[in-house]
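Student: Shown below is the structure under consideration.
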Amino acid sequence: MQFGLTFEKLLLIGLIAVLIVGPERLPRMAEGFAKVVRRVGEYLRDTRTRVRDEMGPEIDDVDWRKLDPRQYDPRRIIRDALLEEPTPPTHPMAAAVIAEPEPRTPPQRFTPGELPPFDLEAT
């Protein structure tokens with residue numbers, strides 16, 4: 001059961017509620033509880049219908065178990081990422097850029113007393 005509630009615990013809670021409420025007010029309390037449960041059920045059905053209407057028929061095709069965050073194991077994800085083969089670039093220019101990096105230009109040297117360029121708008 002949810003939240004660690006077993007049948008015995010629910011029975012005990014119900015017995016305590018009967019003792020606290022008393023036999024005179026018990027029918028009214030039970031009726032109010034039934035109304036609340038009915039409203040919650042209607043709310044859930046309406047919400048499910050609205051989601052289905054807004055998301056369209058594709059919502060039925062979603063495998064919700066695959067999106068469950070409890071199934072993710074970081075060790076497995078890292079192991080799979082390290083063991084998978086790298087994919088080759090699909091764009092022809094990407095291969096050229098990867099194969100031939102641009103040559104690096106050496107840093108410009110200034111003579112003593114010479115000031116480097118300064119951009120007033122950059123500061």
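Identifiers in this document derive from the order of the structure tokens: chains are assigned A, B, ..., residues are numbered from 1 separately in each chain, and ligands are numbered from 1 in order of occurrence.
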Check chain A with DSSP on the backbone and list each residue it calls alpha helix (DSSP H), as a ChimeraX atom specification.

Tutor: /A:7-21,26-55,74-83,92-99

Student: Could you state the separation of CA of Glu102 in chain A and CA of Leu115 in chain A in Å, given to one decimal place?

Tutor: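 Spanning CA of Glu102 in chain A to CA of Leu115 in chain A is a straight-line distance of 28.1 Å.
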
Student: Kindly give the distance, in Å, that separates CA of Pro69 in chain A and CA of Phe3 in chain A, rounded to a single decimal.

Tutor: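 CA of Phe3 in chain A lies at a distance of 19.4 Å from CA of Pro69 in chain A.
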
Student: For CA of Ala122 in chain A and CA of Thr105 in chain A, determine how far apart the two atoms are, in Å to one decimal place.

Tutor: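 Separating CA of Ala122 in chain A from CA of Thr105 in chain A is a distance of 22.9 Å.
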
Student: I'd like the neighbourhood of Asp60 in chain A as a PyMOL selection string, where a residue qualifies if any of its atoms comes within 12 Å (using only C-alpha atoms), though same-chain residues fewer than 5 positions away should be ignored.

Tutor: chain A and resi 48+51-53+55

Student: Export N, CA, C and O atoms of the chosen residues as an mmCIF file, in the first residue's frame?

Tutor:
data_model
loop_
_atom_site.group_PDB
_atom_site.id
_atom_site.type_symbol
_atom_site.label_atom_id
_atom_site.label_comp_id
_atom_site.auth_asym_id
_atom_site.auth_seq_id
_atom_site.Cartn_x
_atom_site.Cartn_y
_atom_site.Cartn_z
ATOM 1 N N ARG A 48 -7.472 13.662 -16.603
ATOM 2 C CA ARG A 48 -7.009 12.677 -17.576
ATOM 3 C C ARG A 48 -7.604 12.966 -18.956
ATOM 4 O O ARG A 48 -6.910 12.904 -19.980
ATOM 5 N N VAL A 51 -5.912 16.132 -20.459
ATOM 6 C CA VAL A 51 -4.559 15.833 -20.945
ATOM 7 C C VAL A 51 -4.637 15.076 -22.257
ATOM 8 O O VAL A 51 -3.909 15.375 -23.211
ATOM 9 N N ARG A 52 -5.513 14.116 -22.344
ATOM 10 C CA ARG A 52 -5.659 13.337 -23.568
ATOM 11 C C ARG A 52 -6.144 14.218 -24.723
ATOM 12 O O ARG A 52 -5.677 14.095 -25.854
ATOM 13 N N ASP A 53 -7.062 15.165 -24.446
ATOM 14 C CA ASP A 53 -7.554 16.068 -25.491
ATOM 15 C C ASP A 53 -6.472 17.027 -25.958
ATOM 16 O O ASP A 53 -6.341 17.311 -27.148
ATOM 17 N N MET A 55 -3.066 16.695 -25.577
ATOM 18 C CA MET A 55 -1.882 16.030 -26.121
ATOM 19 C C MET A 55 -2.189 15.259 -27.396
ATOM 20 O O MET A 55 -1.280 14.939 -28.159
#

Student: Skipping near chain neighbours, those fewer than 5 positions away, what residues fall within 12 Å of Leu26 in chain A using only C-alpha atoms, listed as JSON, numbers by chain?

Tutor: {"A": [14, 15, 16, 17, 18, 19, 20, 21, 31, 32, 33]}

Student: For the selection you just gave me, I'd like the residues written to a file as a compact mmCIF listing (two decimals), in the first residue's frame, keeping N, CA and C atoms.

Tutor:
# COMPACT_ATOMS: atom_id res chain seq x y z
N GLY A 14 -9.60 4.10 11.43
CA GLY A 14 -11.06 4.14 11.35
C GLY A 14 -11.71 3.98 12.71
N LEU A 15 -11.20 3.06 13.53
CA LEU A 15 -11.75 2.84 14.87
C LEU A 15 -11.57 4.07 15.75
N ILE A 16 -10.39 4.69 15.67
CA ILE A 16 -10.14 5.91 16.45
C ILE A 16 -11.07 7.03 15.98
N ALA A 17 -11.29 7.14 14.65
CA ALA A 17 -12.19 8.17 14.12
C ALA A 17 -13.61 7.94 14.62
N VAL A 18 -14.06 6.69 14.67
CA VAL A 18 -15.41 6.38 15.16
C VAL A 18 -15.52 6.78 16.63
N LEU A 19 -14.50 6.52 17.43
CA LEU A 19 -14.55 6.86 18.84
C LEU A 19 -14.54 8.38 19.06
N ILE A 20 -13.77 9.10 18.25
CA ILE A 20 -13.68 10.55 18.40
C ILE A 20 -14.96 11.22 17.90
N VAL A 21 -15.45 10.83 16.72
CA VAL A 21 -16.62 11.46 16.12
C VAL A 21 -17.88 11.09 16.89
N GLU A 31 -20.78 10.55 5.04
CA GLU A 31 -21.35 11.13 3.82
C GLU A 31 -20.42 12.22 3.26
N GLY A 32 -19.88 13.05 4.13
CA GLY A 32 -18.94 14.09 3.68
C GLY A 32 -17.67 13.49 3.10
N PHE A 33 -17.18 12.43 3.73
CA PHE A 33 -15.99 11.75 3.22
C PHE A 33 -16.26 11.14 1.84
